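**Student:** Pasting structure_12.txt below, which is compact mmCIF, C-alpha atoms.
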# COMPACT_ATOMS: atom_id res chain seq x y z
CA MET A 1016 26.88 8.32 16.07
CA LYS A 1017 24.76 11.38 15.42
CA PRO A 1018 22.59 12.14 18.47
CA ALA A 1019 23.92 14.55 21.09
CA ALA A 1020 25.00 12.93 24.36
CA PHE A 1021 22.36 12.20 27.01
CA ASP A 1022 21.99 10.49 30.36
CA TYR A 1023 20.19 7.19 30.07
CA HIS A 1024 17.69 5.70 32.52
CA ARG A 1025 15.93 2.36 32.20
CA PRO A 1026 13.07 2.10 34.73
CA ASP A 1027 11.26 -1.21 35.31
CA SER A 1028 7.82 0.21 36.07
CA LEU A 1029 5.50 3.08 35.24
CA GLU A 1030 5.94 4.34 38.81
CA GLU A 1031 9.74 4.52 38.38
CA ALA A 1032 9.37 6.17 34.97
CA CYS A 1033 7.09 8.82 36.46
CA ALA A 1034 9.54 9.42 39.34
CA LEU A 1035 12.30 10.03 36.78
CA LEU A 1036 10.05 12.38 34.82
CA ALA A 1037 9.26 14.26 38.05
CA GLU A 1038 13.00 14.64 38.64
CA HIS A 1039 14.10 15.62 35.12
CA GLY A 1040 10.96 17.22 33.64
CA ALA A 1041 11.50 19.20 30.44
CA GLU A 1042 15.11 17.93 30.13
CA ALA A 1043 13.84 14.40 29.57
CA ARG A 1044 12.19 12.46 26.77
CA VAL A 1045 10.50 9.06 26.98
CA LEU A 1046 11.92 6.39 24.65
CA ALA A 1047 9.61 3.54 23.61
CA GLY A 1048 9.99 2.23 20.03
CA GLY A 1049 12.05 5.24 18.98
CA GLN A 1050 10.69 5.32 15.42
CA SER A 1051 9.67 8.99 15.69
CA LEU A 1052 12.04 10.19 18.42
CA VAL A 1053 15.36 8.76 17.19
CA PRO A 1054 15.20 10.30 13.68
CA LEU A 1055 14.68 13.69 15.34
CA MET A 1056 17.65 13.02 17.65
CA ASN A 1057 19.82 11.82 14.74
CA MET A 1058 19.06 15.06 12.91
CA ARG A 1059 19.59 16.95 16.21
CA ILE A 1060 16.22 18.58 15.88
CA LEU A 1061 15.84 17.25 19.44
CA SER A 1062 18.71 16.91 21.92
CA PRO A 1063 17.21 15.76 25.22
CA ALA A 1064 19.67 15.76 28.13
CA VAL A 1065 17.98 12.70 29.62
CA LEU A 1066 16.37 9.68 27.96
CA ILE A 1067 13.93 7.53 29.96
CA ASP A 1068 13.74 4.15 28.24
CA ILE A 1069 10.41 2.45 29.10
CA ASN A 1070 11.16 -0.75 27.13
CA ARG A 1071 11.58 -2.70 30.40
CA CYS A 1072 8.23 -1.54 31.82
CA ARG A 1073 6.47 -4.76 30.82
CA GLU A 1074 3.27 -3.72 32.65
CA LEU A 1075 2.75 -1.14 29.85
CA SER A 1076 2.57 -3.75 27.08
CA TYR A 1077 -1.03 -4.90 26.62
CA LEU A 1078 -4.17 -4.79 24.54
CA ARG A 1079 -7.25 -5.74 26.54
CA ARG A 1080 -11.00 -5.34 26.44
CA GLU A 1081 -12.48 -3.34 29.30
CA ASP A 1082 -16.12 -2.22 29.42
CA GLY A 1083 -16.69 -0.88 25.93
CA VAL A 1084 -13.10 -0.02 25.07
CA ILE A 1085 -9.89 -1.67 23.95
CA ALA A 1086 -7.16 -0.41 26.29
CA CYS A 1087 -3.72 -0.15 24.70
CA GLY A 1088 -0.64 0.35 26.87
CA ALA A 1089 2.27 2.70 26.20
CA LEU A 1090 4.59 -0.14 25.18
CA THR A 1091 2.23 -1.98 22.79
CA ARG A 1092 3.93 -2.18 19.39
CA GLN A 1093 2.12 -1.17 16.23
CA GLY A 1094 2.86 -4.63 14.83
CA GLU A 1095 1.07 -6.21 17.81
CA ALA A 1096 -2.01 -4.07 17.15
CA GLU A 1097 -1.83 -4.99 13.46
CA THR A 1098 -2.06 -8.72 14.20
CA SER A 1099 -4.30 -8.54 17.28
CA ASP A 1100 -7.58 -10.48 17.21
CA LEU A 1101 -9.09 -7.90 19.57
CA VAL A 1102 -8.27 -5.07 17.18
CA ALA A 1103 -9.53 -7.06 14.17
CA ALA A 1104 -12.81 -7.88 15.93
CA HIS A 1105 -13.58 -4.60 17.69
CA LEU A 1106 -11.59 -1.83 16.01
CA PRO A 1107 -11.99 -2.41 12.25
CA LEU A 1108 -11.04 1.21 11.52
CA MET A 1109 -7.71 0.81 13.31
CA ALA A 1110 -7.13 -2.59 11.67
CA ALA A 1111 -7.63 -0.99 8.24
CA ALA A 1112 -5.16 1.80 9.04
CA MET A 1113 -2.34 -0.31 10.53
CA PRO A 1114 -0.75 -1.53 7.25
CA HIS A 1115 -0.31 2.15 6.25
CA VAL A 1116 1.74 3.00 9.36
CA GLY A 1117 5.38 3.10 8.24
CA VAL A 1118 6.82 -0.22 7.03
CA ARG A 1119 7.15 -3.49 8.88
CA ALA A 1120 10.60 -2.60 10.23
CA ASN A 1121 9.01 0.48 11.87
CA ARG A 1122 5.90 -1.31 13.12
CA ASN A 1123 7.97 -4.09 14.71
CA PHE A 1124 9.25 -1.53 17.25
CA GLY A 1125 7.16 1.65 17.00
CA THR A 1126 4.36 1.86 19.55
CA VAL A 1127 0.74 2.94 19.12
CA CYS A 1128 1.03 5.44 21.97
CA GLY A 1129 4.37 6.73 20.67
CA SER A 1130 2.84 7.65 17.33
CA LEU A 1131 -0.07 9.36 19.13
CA ALA A 1132 2.27 11.31 21.42
CA HIS A 1133 4.35 12.38 18.38
CA ALA A 1134 1.13 14.13 17.23
CA ASP A 1135 1.97 14.38 13.54
CA PRO A 1136 -1.19 15.62 11.78
CA LEU A 1137 -0.10 13.64 8.69
CA ALA A 1138 0.21 10.34 10.59
CA GLU A 1139 -2.44 7.62 10.54
CA LEU A 1140 -2.98 6.75 14.20
CA PRO A 1141 -3.83 10.26 15.47
CA SER A 1142 -6.65 10.52 12.91
CA VAL A 1143 -7.87 7.03 13.79
CA ALA A 1144 -7.88 7.94 17.51
CA ALA A 1145 -9.77 11.18 16.78
CA ALA A 1146 -12.43 9.41 14.68
CA LEU A 1147 -12.83 6.71 17.35
CA GLU A 1148 -13.18 9.35 20.10
CA ALA A 1149 -10.34 7.77 22.02
CA ARG A 1150 -9.45 8.75 25.57
CA PHE A 1151 -5.82 9.39 26.48
CA VAL A 1152 -4.63 8.35 29.95
CA ILE A 1153 -1.77 10.58 31.07
CA ALA A 1154 0.25 9.51 34.11
CA SER A 1155 2.65 11.31 36.46
CA SER A 1156 3.77 11.09 40.07
CA ARG A 1157 0.89 13.48 40.79
CA GLY A 1158 -1.67 10.93 39.57
CA ARG A 1159 -3.56 10.14 36.38
CA ARG A 1160 -5.81 12.22 34.17
CA GLU A 1161 -7.80 11.41 31.07
CA VAL A 1162 -8.33 13.71 28.07
CA ASP A 1163 -10.03 13.40 24.69
CA ALA A 1164 -8.40 13.86 21.27
CA GLY A 1165 -9.52 17.49 21.05
CA GLU A 1166 -7.53 18.31 24.16
CA PHE A 1167 -4.64 15.89 23.50
CA PHE A 1168 -3.64 17.17 20.04
CA VAL A 1169 -2.56 20.80 20.46
CA SER A 1170 -0.75 21.57 17.19
CA ALA A 1171 1.70 19.91 14.79
CA LEU A 1172 4.04 17.68 16.84
CA THR A 1173 2.64 19.12 20.07
CA ASN A 1174 0.41 17.36 22.59
CA CYS A 1175 -0.98 18.43 25.95
CA ILE A 1176 1.37 16.27 28.05
CA GLU A 1177 3.18 18.26 30.77
CA PRO A 1178 6.97 17.80 31.24
CA ASP A 1179 6.53 15.49 34.26
CA GLU A 1180 3.84 13.37 32.57
CA MET A 1181 3.70 10.59 30.00
CA LEU A 1182 1.02 8.90 27.92
CA ALA A 1183 0.38 5.63 29.76
CA GLU A 1184 -2.59 4.25 27.81
CA VAL A 1185 -5.02 5.01 25.04
CA ARG A 1186 -8.62 3.80 25.35
CA LEU A 1187 -10.30 3.07 22.02
CA PRO A 1188 -14.11 2.58 22.06
CA VAL A 1189 -15.18 -0.68 20.40
CA ALA A 1190 -17.25 -0.42 17.23
CA ALA A 1191 -21.03 -0.58 17.63
CA ALA A 1192 -22.86 -3.47 15.95
CA ASN A 1193 -24.26 -1.18 13.23
CA ALA A 1194 -20.97 0.71 12.68
CA ARG A 1195 -19.13 0.77 9.38
CA SER A 1196 -15.69 2.21 8.87
CA ALA A 1197 -13.20 3.09 6.17
CA PHE A 1198 -9.58 4.20 6.11
CA LEU A 1199 -8.14 5.64 2.90
CA GLU A 1200 -4.78 7.26 2.25
CA ILE A 1201 -2.97 8.77 -0.72
CA ALA A 1202 0.84 8.96 -0.76
CA ASN A 1203 3.25 9.64 -3.59
CA ARG A 1204 5.05 6.44 -2.64
CA ALA A 1205 3.43 3.52 -0.82
CA HIS A 1206 4.29 3.82 2.90
CA GLY A 1207 6.05 7.13 2.27
CA PHE A 1208 4.91 10.45 3.65
CA ALA A 1209 1.19 10.89 3.10
CA VAL A 1210 -0.42 13.55 0.95
CA ALA A 1211 -3.64 13.03 2.89
CA GLY A 1212 -5.85 10.36 4.41
CA VAL A 1213 -9.28 9.91 5.91
CA ALA A 1214 -10.42 7.84 8.91
CA ALA A 1215 -14.19 7.49 8.93
CA LEU A 1216 -16.80 5.75 11.01
CA VAL A 1217 -20.59 5.85 10.52
CA GLU A 1218 -23.55 4.18 12.17
CA ILE A 1219 -26.59 3.51 10.00
CA ASP A 1220 -30.10 2.76 11.29
CA GLY A 1221 -32.81 0.43 9.92
CA GLU A 1222 -34.09 3.17 7.61
CA GLY A 1223 -30.64 3.59 6.04
CA ARG A 1224 -30.04 6.91 7.76
CA CYS A 1225 -26.66 7.84 9.15
CA THR A 1226 -27.25 8.25 12.88
CA ARG A 1227 -23.66 8.98 13.83
CA ALA A 1228 -20.66 10.12 11.79
CA ARG A 1229 -17.09 10.58 12.95
CA LEU A 1230 -14.45 11.59 10.44
CA SER A 1231 -10.90 12.86 10.77
CA ALA A 1232 -8.55 13.69 7.91
CA MET A 1233 -4.77 13.37 7.90
CA GLY A 1234 -3.27 16.59 6.59
CA ALA A 1235 -6.42 18.68 6.99
CA GLY A 1236 -4.73 21.22 9.23
CA ASP A 1237 -2.00 22.07 11.71
CA THR A 1238 -3.36 19.55 14.16
CA THR A 1239 -5.39 16.34 14.16
CA ALA A 1240 -9.07 17.18 14.44
CA ARG A 1241 -12.47 15.87 13.36
CA LEU A 1242 -14.20 17.12 10.21
CA ALA A 1243 -17.11 18.63 12.17
CA PRO A 1244 -18.86 20.32 9.19
CA VAL A 1245 -18.94 16.98 7.31
CA GLU A 1246 -20.29 15.12 10.34
CA ALA A 1247 -23.02 17.73 10.84
CA LEU A 1248 -23.94 17.58 7.15
CA ILE A 1249 -24.50 13.83 6.97
CA GLU A 1250 -25.90 12.92 10.39
CA GLY A 1251 -29.62 12.15 10.18
CA ARG A 1252 -29.56 11.72 6.38
CA ARG A 1253 -29.30 8.88 3.90
CA LEU A 1254 -25.89 8.37 2.33
CA ASP A 1255 -26.97 8.77 -1.29
CA GLU A 1256 -24.66 9.84 -4.10
CA GLY A 1257 -25.75 13.50 -3.95
CA LEU A 1258 -24.99 13.74 -0.23
CA ILE A 1259 -21.70 11.87 -0.68
CA ARG A 1260 -20.53 14.46 -3.25
CA GLU A 1261 -21.74 17.32 -1.09
CA ALA A 1262 -19.80 15.89 1.88
CA GLY A 1263 -16.62 15.74 -0.21
CA ALA A 1264 -17.01 19.38 -1.18
CA ALA A 1265 -17.65 20.31 2.47
CA ALA A 1266 -14.44 18.49 3.51
CA THR A 1267 -12.39 20.35 0.88
CA ALA A 1268 -13.88 23.65 2.03
CA ALA A 1269 -13.20 22.89 5.71
CA ALA A 1270 -9.60 21.72 5.23
CA GLU A 1271 -6.74 24.11 5.92
CA PRO A 1272 -3.82 21.91 4.85
CA ALA A 1273 -0.13 22.59 5.17
CA GLN A 1274 2.01 22.89 2.06
CA ASP A 1275 5.22 20.87 1.83
CA VAL A 1276 7.45 19.04 -0.63
CA HIS A 1277 4.89 16.24 -0.95
CA ALA A 1278 1.83 18.32 -1.91
CA THR A 1279 0.49 21.84 -2.26
CA ALA A 1280 -2.25 22.98 0.13
CA ASP A 1281 -4.83 23.14 -2.68
CA TYR A 1282 -4.03 19.63 -3.86
CA ARG A 1283 -4.26 18.27 -0.30
CA ALA A 1284 -7.67 19.92 0.18
CA HIS A 1285 -8.86 18.40 -3.10
CA VAL A 1286 -7.57 14.93 -2.13
CA ILE A 1287 -9.25 15.15 1.28
CA GLY A 1288 -12.61 15.87 -0.39
CA THR A 1289 -12.15 13.00 -2.82
CA LEU A 1290 -11.18 10.60 -0.03
CA VAL A 1291 -14.15 11.63 2.13
CA SER A 1292 -16.50 10.88 -0.78
CA ARG A 1293 -14.79 7.57 -1.48
CA ALA A 1294 -14.91 6.57 2.20
CA LEU A 1295 -18.63 7.38 2.46
CA ARG A 1296 -19.35 5.53 -0.79
CA GLN A 1297 -17.43 2.52 0.50
CA MET A 1298 -19.28 2.52 3.82
CA ALA A 1299 -22.69 3.04 2.17
CA GLY A 1300 -22.07 -0.11 0.14
CA GLN A 1301 -20.77 -2.18 3.00
CA PRO A 1302 -22.79 -5.11 4.30
CA GLY A 1303 -23.67 -5.22 7.96
CA GLY A 1304 -25.90 -2.94 9.92
CA ALA A 1305 -29.59 -3.03 9.08
CA ALA A 1306 -29.53 -0.82 5.99
CA MET B 572 28.90 16.86 27.55
CA SER B 573 30.16 13.44 28.49
CA THR B 574 27.82 10.83 29.84
CA LYS B 575 28.32 7.68 31.83
CA LYS B 576 28.95 4.62 29.67
CA VAL B 577 26.60 1.68 29.95
CA THR B 578 27.37 -2.01 29.65
CA VAL B 579 25.68 -3.64 26.66
CA ARG B 580 25.43 -7.41 26.17
CA LEU B 581 24.32 -8.54 22.73
CA LYS B 582 24.28 -11.91 21.00
CA VAL B 583 25.21 -11.17 17.41
CA ASN B 584 25.10 -13.96 14.81
CA GLY B 585 25.17 -16.49 17.65
CA LYS B 586 28.17 -15.02 19.49
CA ASP B 587 28.03 -13.13 22.80
CA TYR B 588 29.59 -9.69 23.05
CA VAL B 589 29.92 -7.31 26.00
CA ARG B 590 30.96 -3.69 25.47
CA ASP B 591 30.80 -0.46 27.48
CA VAL B 592 29.44 2.29 25.23
CA GLU B 593 27.91 5.73 25.46
CA PRO B 594 24.10 5.56 25.62
CA ARG B 595 23.86 7.52 22.36
CA TYR B 596 25.67 4.74 20.47
CA LEU B 597 23.30 3.47 17.78
CA LEU B 598 23.09 -0.25 17.05
CA ALA B 599 24.48 0.41 13.53
CA ASP B 600 27.57 2.07 15.04
CA PHE B 601 27.89 -0.64 17.68
CA LEU B 602 27.96 -3.34 14.98
CA ARG B 603 30.36 -1.49 12.69
CA HIS B 604 32.76 0.24 15.11
CA GLU B 605 32.75 -2.04 18.17
CA LEU B 606 32.30 -5.44 16.50
CA HIS B 607 33.78 -4.54 13.08
CA LEU B 608 30.77 -6.15 11.37
CA THR B 609 30.76 -3.71 8.47
CA GLY B 610 28.24 -5.64 6.36
CA THR B 611 25.49 -3.50 7.87
CA HIS B 612 25.60 -0.30 5.83
CA ILE B 613 24.55 3.15 6.97
CA GLY B 614 22.66 5.28 4.47
CA CYS B 615 20.29 8.03 5.59
CA GLU B 616 20.53 7.59 9.38
CA HIS B 617 16.90 8.49 9.92
CA GLY B 618 15.07 5.30 9.07
CA VAL B 619 14.06 5.98 5.48
CA CYS B 620 16.54 4.17 3.20
CA GLY B 621 16.57 0.70 4.78
CA ALA B 622 20.29 0.03 4.16
CA CYS B 623 20.98 -0.60 7.87
CA THR B 624 18.15 -3.13 8.38
CA VAL B 625 19.08 -6.07 10.64
CA LEU B 626 17.09 -8.71 12.52
CA ILE B 627 16.51 -7.84 16.18
CA ASN B 628 15.10 -10.83 18.10
CA GLY B 629 14.06 -12.20 14.72
CA LYS B 630 12.28 -9.05 13.49
CA THR B 631 13.56 -6.46 11.03
CA GLY B 632 14.56 -3.15 12.52
CA ARG B 633 16.46 -0.10 11.40
CA SER B 634 19.77 -0.31 13.27
CA CYS B 635 20.14 3.49 12.87
CA LEU B 636 16.98 4.01 14.95
CA GLN B 637 17.92 1.78 17.88
CA PHE B 638 20.23 2.63 20.76
CA ALA B 639 22.48 -0.33 21.54
CA ALA B 640 21.96 0.30 25.27
CA ALA B 641 18.20 -0.09 24.88
CA LEU B 642 18.71 -3.53 23.28
CA ASP B 643 20.80 -4.99 26.12
CA GLY B 644 20.21 -8.78 26.08
CA ALA B 645 18.84 -8.90 22.51
CA GLU B 646 19.79 -11.31 19.73
CA ILE B 647 20.89 -9.66 16.49
CA THR B 648 21.37 -11.18 13.06
CA THR B 649 23.34 -9.22 10.48
CA VAL B 650 24.10 -10.04 6.86
CA GLU B 651 27.31 -11.75 8.04
CA GLY B 652 25.20 -14.28 9.95
CA ILE B 653 22.53 -15.34 7.49
CA ALA B 654 24.39 -17.99 5.45
CA GLY B 655 25.43 -20.08 8.48
CA ASP B 656 27.52 -23.02 7.30
CA ARG B 657 26.54 -22.54 3.65
CA PRO B 658 28.57 -20.34 1.28
CA LEU B 659 25.48 -18.22 0.67
CA HIS B 660 21.91 -18.03 2.00
CA PRO B 661 19.29 -18.98 -0.67
CA VAL B 662 18.17 -15.33 -0.80
CA GLN B 663 21.80 -14.28 -1.46
CA GLU B 664 22.08 -16.94 -4.19
CA ALA B 665 18.92 -15.62 -5.83
CA PHE B 666 20.20 -12.01 -5.72
CA HIS B 667 23.48 -13.20 -7.26
CA GLU B 668 21.76 -15.10 -10.06
CA ALA B 669 19.32 -12.33 -10.94
CA HIS B 670 21.96 -9.54 -10.96
CA ALA B 671 19.96 -7.92 -8.17
CA LEU B 672 22.89 -5.83 -7.01
CA GLN B 673 25.09 -3.28 -8.69
CA CYS B 674 27.11 -1.19 -6.24
CA GLY B 675 25.84 -3.42 -3.40
CA TYR B 676 25.38 -0.66 -0.85
CA CYS B 677 21.68 -1.30 -0.30
CA THR B 678 21.96 -5.09 -0.61
CA PRO B 679 22.34 -6.10 3.06
CA GLY B 680 19.14 -4.20 3.93
CA PHE B 681 17.25 -5.76 1.03
CA LEU B 682 18.44 -9.24 2.08
CA MET B 683 17.32 -8.83 5.69
CA THR B 684 13.94 -7.38 4.65
CA THR B 685 13.46 -10.22 2.15
CA ILE B 686 14.30 -12.92 4.72
CA GLU B 687 11.65 -11.65 7.16
CA PHE B 688 9.11 -11.10 4.37
CA LEU B 689 9.46 -14.59 2.85
CA GLY B 690 9.25 -16.10 6.34
CA GLN B 691 5.78 -14.55 6.66
CA ASN B 692 4.69 -14.88 3.03
CA PRO B 693 6.44 -17.85 1.36
CA ASP B 694 4.66 -17.47 -2.01
CA PRO B 695 4.14 -13.76 -2.72
CA ASP B 696 3.04 -12.20 -6.00
CA ARG B 697 5.06 -9.39 -7.57
CA ASP B 698 2.83 -6.66 -6.15
CA GLU B 699 3.26 -8.00 -2.62
CA ILE B 700 7.03 -8.06 -3.18
CA ARG B 701 6.97 -4.41 -4.30
CA GLN B 702 4.94 -3.48 -1.20
CA ALA B 703 7.34 -5.33 1.10
CA LEU B 704 10.40 -3.59 -0.36
CA THR B 705 8.89 -0.13 -0.69
CA ASN B 706 11.08 1.47 1.95
CA ASN B 707 14.39 -0.03 0.88
CA MET B 708 16.13 2.36 -1.50
CA CYS B 709 18.41 1.27 -4.33
CA ARG B 710 20.13 4.29 -5.85
CA CYS B 711 21.41 2.17 -8.75
CA THR B 712 17.67 1.68 -9.37
CA GLY B 713 17.98 -2.05 -9.98
CA TYR B 714 14.51 -2.69 -8.61
CA LEU B 715 13.19 -4.99 -11.36
CA ASN B 716 16.07 -7.41 -10.91
CA ILE B 717 15.54 -7.27 -7.15
CA ILE B 718 11.87 -8.22 -7.59
CA ASP B 719 12.94 -11.09 -9.88
CA ALA B 720 15.44 -12.19 -7.23
CA VAL B 721 12.86 -12.19 -4.43
CA GLU B 722 10.48 -14.25 -6.58
CA ASP B 723 13.29 -16.73 -7.26
CA ALA B 724 14.36 -16.72 -3.60
CA ALA B 725 10.82 -17.61 -2.55
CA LYS B 726 10.95 -20.58 -4.94
CA ARG B 727 14.35 -21.68 -3.63
CA LEU B 728 13.17 -21.48 -0.01
CA ARG B 729 9.96 -23.41 -0.76
CA GLU B 730 11.93 -26.13 -2.56
CA GLY B 731 14.48 -26.22 0.28
CA ALA B 732 11.66 -26.63 2.80
CA ARG B 733 10.20 -29.53 0.79
CA GLU B 734 13.55 -31.33 0.64
CA ALA B 735 14.24 -30.86 4.34
Could you quickly redo this structure as C-alpha cells?
**Tutor:**
Amino acid sequence: MKPAAFDYHRPDSLEEACALLAEHGAEARVLAGGQSLVPLMNMRILSPAVLIDINRCRELSYLRREDGVIACGALTRQGEAETSDLVAAHLPLMAAAMPHVGVRANRNFGTVCGSLAHADPLAELPSVAAALEARFVIASSRGRREVDAGEFFVSALTNCIEPDEMLAEVRLPVAAANARSAFLEIANRAHGFAVAGVAALVEIDGEGRCTRARLSAMGAGDTTARLAPVEALIEGRRLDEGLIREAGAAATAAAEPAQDVHATADYRAHVIGTLVSRALRQMAGQPGGAA
Amino acid sequence: MSTKKVTVRLKVNGKDYVRDVEPRYLLADFLRHELHLTGTHIGCEHGVCGACTVLINGKTGRSCLQFAAALDGAEITTVEGIAGDRPLHPVQEAFHEAHALQCGYCTPGFLMTTIEFLGQNPDPDRDEIRQALTNNMCRCTGYLNIIDAVEDAAKRLREGAREA
C-alpha cells in the first residue's frame, strides 16, 4: 500500500462527477483507467486528497460517428479503440498507433482520454490527436467548452483543464478519402518508453501534390505540438525523394527534444528527422488517393 | 490522514469475498494481505515489471495499478485459480517442462499474461511471443526458456481443444 490516503467518490454520471469536481477542485483527481495516475500516486509524486472514480459513469464509454468525427468518451478504453471497426475504417492513423500504447495489460484499462489528459509529450495518443486536429470537450458544472490540441497541451504533463473541469470527450476528424497516414516509433525496448515517434497524415491530389500535411512528433519538445515548418515545406509540392530528405532535415532542425535516460536531445532530434522521412516515404508509396 | 473505509465485494477464483478496506488499498495488497493469496507477487509497484498481473473480468491487468475499491463487483483470477481441478494448468506444465522459471518471482505474471495471449492468438510465432511478453521482467533472465514454454503451451492448449 503505497499511495497516500484519500477520500474516494464513485459518481454514476458526468453531472455527478462535475458536481464533485466543483466541490473539491484542485484537491481532487479523476480516476478512469489509472494507468498514468496510479503509478504517480504509488511513487507519491501525486497525493490527491480526493479521488473521483468515473468507472461507473457508463454514459462516458462510447465510440460513435457524428458528422465528420469519431467521438470518443472519457471512459473508452484504449483496447476498445484498438479493436474498434469505426477506428479501423475512419482513423487509420490512430489504428496504427494503438499497438504502441503501453502493453495489453495497460490498454485493457487505460483510457484514450486519460492518456490525452496526462499530456506526456513522449506518449503516442497526444501526437495522434494533434496530427488529426482533434477537438477536446471539457466539461464542468459551469458548462462545456471545446479546445484544439494547441490550447489543450500546455507543457509536459500539463493540460489546460481547470480544477473544476474534466475531459469528457475527444472528437477525432475522420480521414478524407484521399488521406494517407503513417505512425512510426523508436524505443529502446518494444513498448517501453519511446525515444521518439511521428504521427503523420497527408492528402495528395490527382497531380500527386501534397495538398494538406499534418505531422506531430513524440519527443520533439516540452509539449505535444505539430511540426509546422515541415508541414509548410511540403504542402503544395510532390513528395519526391529530395523533398522527403529535406523534410527530415527540417524536422531535426525544428525539434527541441528533452534529454533523459532513454536518449540524448541530439539523438532524439536525429531520430525525429529520420522518422519524418520514413513516414513521408511510406505515405508516398501507399496506394489509395488519386496519385 | 485517515479516510473512511469502503466495502469491497470481489469474486476471486470463483469465491465471493467481502472486506472493508481503505480506498488506497491496491488490488495486489487486497489479494495478498486480506485474502492471503500470496501467489500474486509485487515487484516494481508502478506497472512496469508485470509480476503482479492478474485477470480482471477475464482481462490482464496490473494489480498494483488498480484500487480494490474501484473494482467492487469484479471477478478476479489469480495464479492460485488457473489450474482448477487439475494439478497444473497446461501453461504451468509447459513452464515446468521447459525450465521456464528459476527463482519463480516473475512466474505468476508471465503465466497470466500467457493465458490471455494464447486465448487471443492460439498459434503464435516466436516474434509474436516476444512482443506479448515484452513488459514482463525476468531478473534471472530466463527469457529463451520462457519463449520455448509459451510455444509448447500453445501446442498443449491446441491439442487439448481438439480432444475436448
**Student:** Quick check, in Å to one decimal: how far apart do atom CA of A:Pro1107 and atom CA of A:Arg1150 lie?
**Tutor:** 17.6 Å
**Student:** Would you mind reading off the distance between atom CA of A:Val1065 and atom CA of A:Met1181, one decimal, in Å?
**Tutor:** 14.4 Å
**Student:** Atom CA of A:Phe1151 to atom CA of A:Pro1026: how many Å, to one decimal?
**Tutor:**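 Answer for the atom CA of A:Phe1151 to atom CA of A:Pro1026 separation: 21.9 Å.
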**Student:** Kindly determine which residues of chain A lie within 12 Å of chain B, considering only C-alpha atoms, and give the answer as a ChimeraX atom specification.
**Tutor:** /A:1016-1026,1046-1060,1062-1071,1094,1114-1115,1117-1125,1203-1208
**Student:** Choose the residue, out of A:Leu1258, A:Cys1225, A:Ala1103, A:Met1113, that has the smallest atom-to-atom separation from A:Ser1142; count all atoms listed in the file.
**Tutor:** A:Met1113
**Student:** With a distance cut-off of 6 Å and only C-alpha atoms, select the neighbouring residues of stretch 1279-1290 of chain A, excluding the residue or stretch itself and same-chain residues fewer than 3 positions from it, and output the selection as a PyMOL selection string.
**Tutor:** chain A and resi 1263-1264+1266-1267+1270+1272-1274+1293-1294
**Student:** Which of these, A:Gly1088, A:Arg1079, A:Phe1167, A:Gly1236, has the shortest distance to A:Asp1100 once you count all atoms listed in the file?
**Tutor:**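 Result for the nearest residue to A:Asp1100: A:Arg1079.
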**Student:** Could you list, with a cut-off of 9 Å and counting all atoms listed in the file, the residues of stretch 578-681 of chain B near stretch 718-734 of chain B, each shown with its nearest atom pair and the distance in Å rounded to one decimal, rows sorted by chain and ascending number, as JSON lines?
**Tutor:**
{"residue": "B:Pro661", "atom": "CA", "partner": "B:Ala724", "partner_atom": "CA", "distance": 6.2}
{"residue": "B:Val662", "atom": "CA", "partner": "B:Ala724", "partner_atom": "CA", "distance": 4.9}
{"residue": "B:Gln663", "atom": "CA", "partner": "B:Ala724", "partner_atom": "CA", "distance": 8.1}
{"residue": "B:Glu664", "atom": "CA", "partner": "B:Ala724", "partner_atom": "CA", "distance": 7.7}
{"residue": "B:Ala665", "atom": "CA", "partner": "B:Ala720", "partner_atom": "CA", "distance": 5.1}
{"residue": "B:Phe666", "atom": "CA", "partner": "B:Ala720", "partner_atom": "CA", "distance": 5.0}
{"residue": "B:His667", "atom": "CA", "partner": "B:Ala720", "partner_atom": "CA", "distance": 8.1}
{"residue": "B:Glu668", "atom": "CA", "partner": "B:Ala720", "partner_atom": "CA", "distance": 7.5}
{"residue": "B:Ala669", "atom": "CA", "partner": "B:Ala720", "partner_atom": "CA", "distance": 5.4}
{"residue": "B:His670", "atom": "CA", "partner": "B:Ala720", "partner_atom": "CA", "distance": 8.0}
{"residue": "B:Ala671", "atom": "CA", "partner": "B:Ala720", "partner_atom": "CA", "distance": 6.3}
**Student:** Working from the structure I just supplied, which lacks atoms in stretch 640-648 of chain B, can you model N, CA and C atoms there and output them as a short mmCIF file (atom, residue, chain, number, x, y, z; two decimals), keeping the file's coordinate frame?
**Tutor:**
data_model
loop_
_atom_site.label_atom_id
_atom_site.label_comp_id
_atom_site.auth_asym_id
_atom_site.auth_seq_id
_atom_site.Cartn_x
_atom_site.Cartn_y
_atom_site.Cartn_z
N ALA B 640 22.23 0.46 23.83
CA ALA B 640 21.96 0.30 25.27
C ALA B 640 20.54 -0.20 25.52
N ALA B 641 19.59 0.28 24.69
CA ALA B 641 18.20 -0.09 24.88
C ALA B 641 17.94 -1.54 24.47
N LEU B 642 18.88 -2.15 23.77
CA LEU B 642 18.71 -3.53 23.28
C LEU B 642 19.48 -4.53 24.13
N ASP B 643 20.03 -4.11 25.25
CA ASP B 643 20.80 -4.99 26.12
C ASP B 643 20.08 -6.34 26.28
N GLY B 644 20.80 -7.43 25.96
CA GLY B 644 20.21 -8.78 26.08
C GLY B 644 19.59 -9.30 24.80
N ALA B 645 19.53 -8.49 23.75
CA ALA B 645 18.84 -8.90 22.51
C ALA B 645 19.73 -9.80 21.65
N GLU B 646 19.07 -10.52 20.74
CA GLU B 646 19.79 -11.31 19.73
C GLU B 646 19.68 -10.61 18.38
N ILE B 647 20.83 -10.40 17.75
CA ILE B 647 20.89 -9.66 16.49
C ILE B 647 21.41 -10.59 15.41
N THR B 648 20.81 -10.50 14.23
CA THR B 648 21.37 -11.18 13.06
C THR B 648 21.69 -10.14 12.01
#
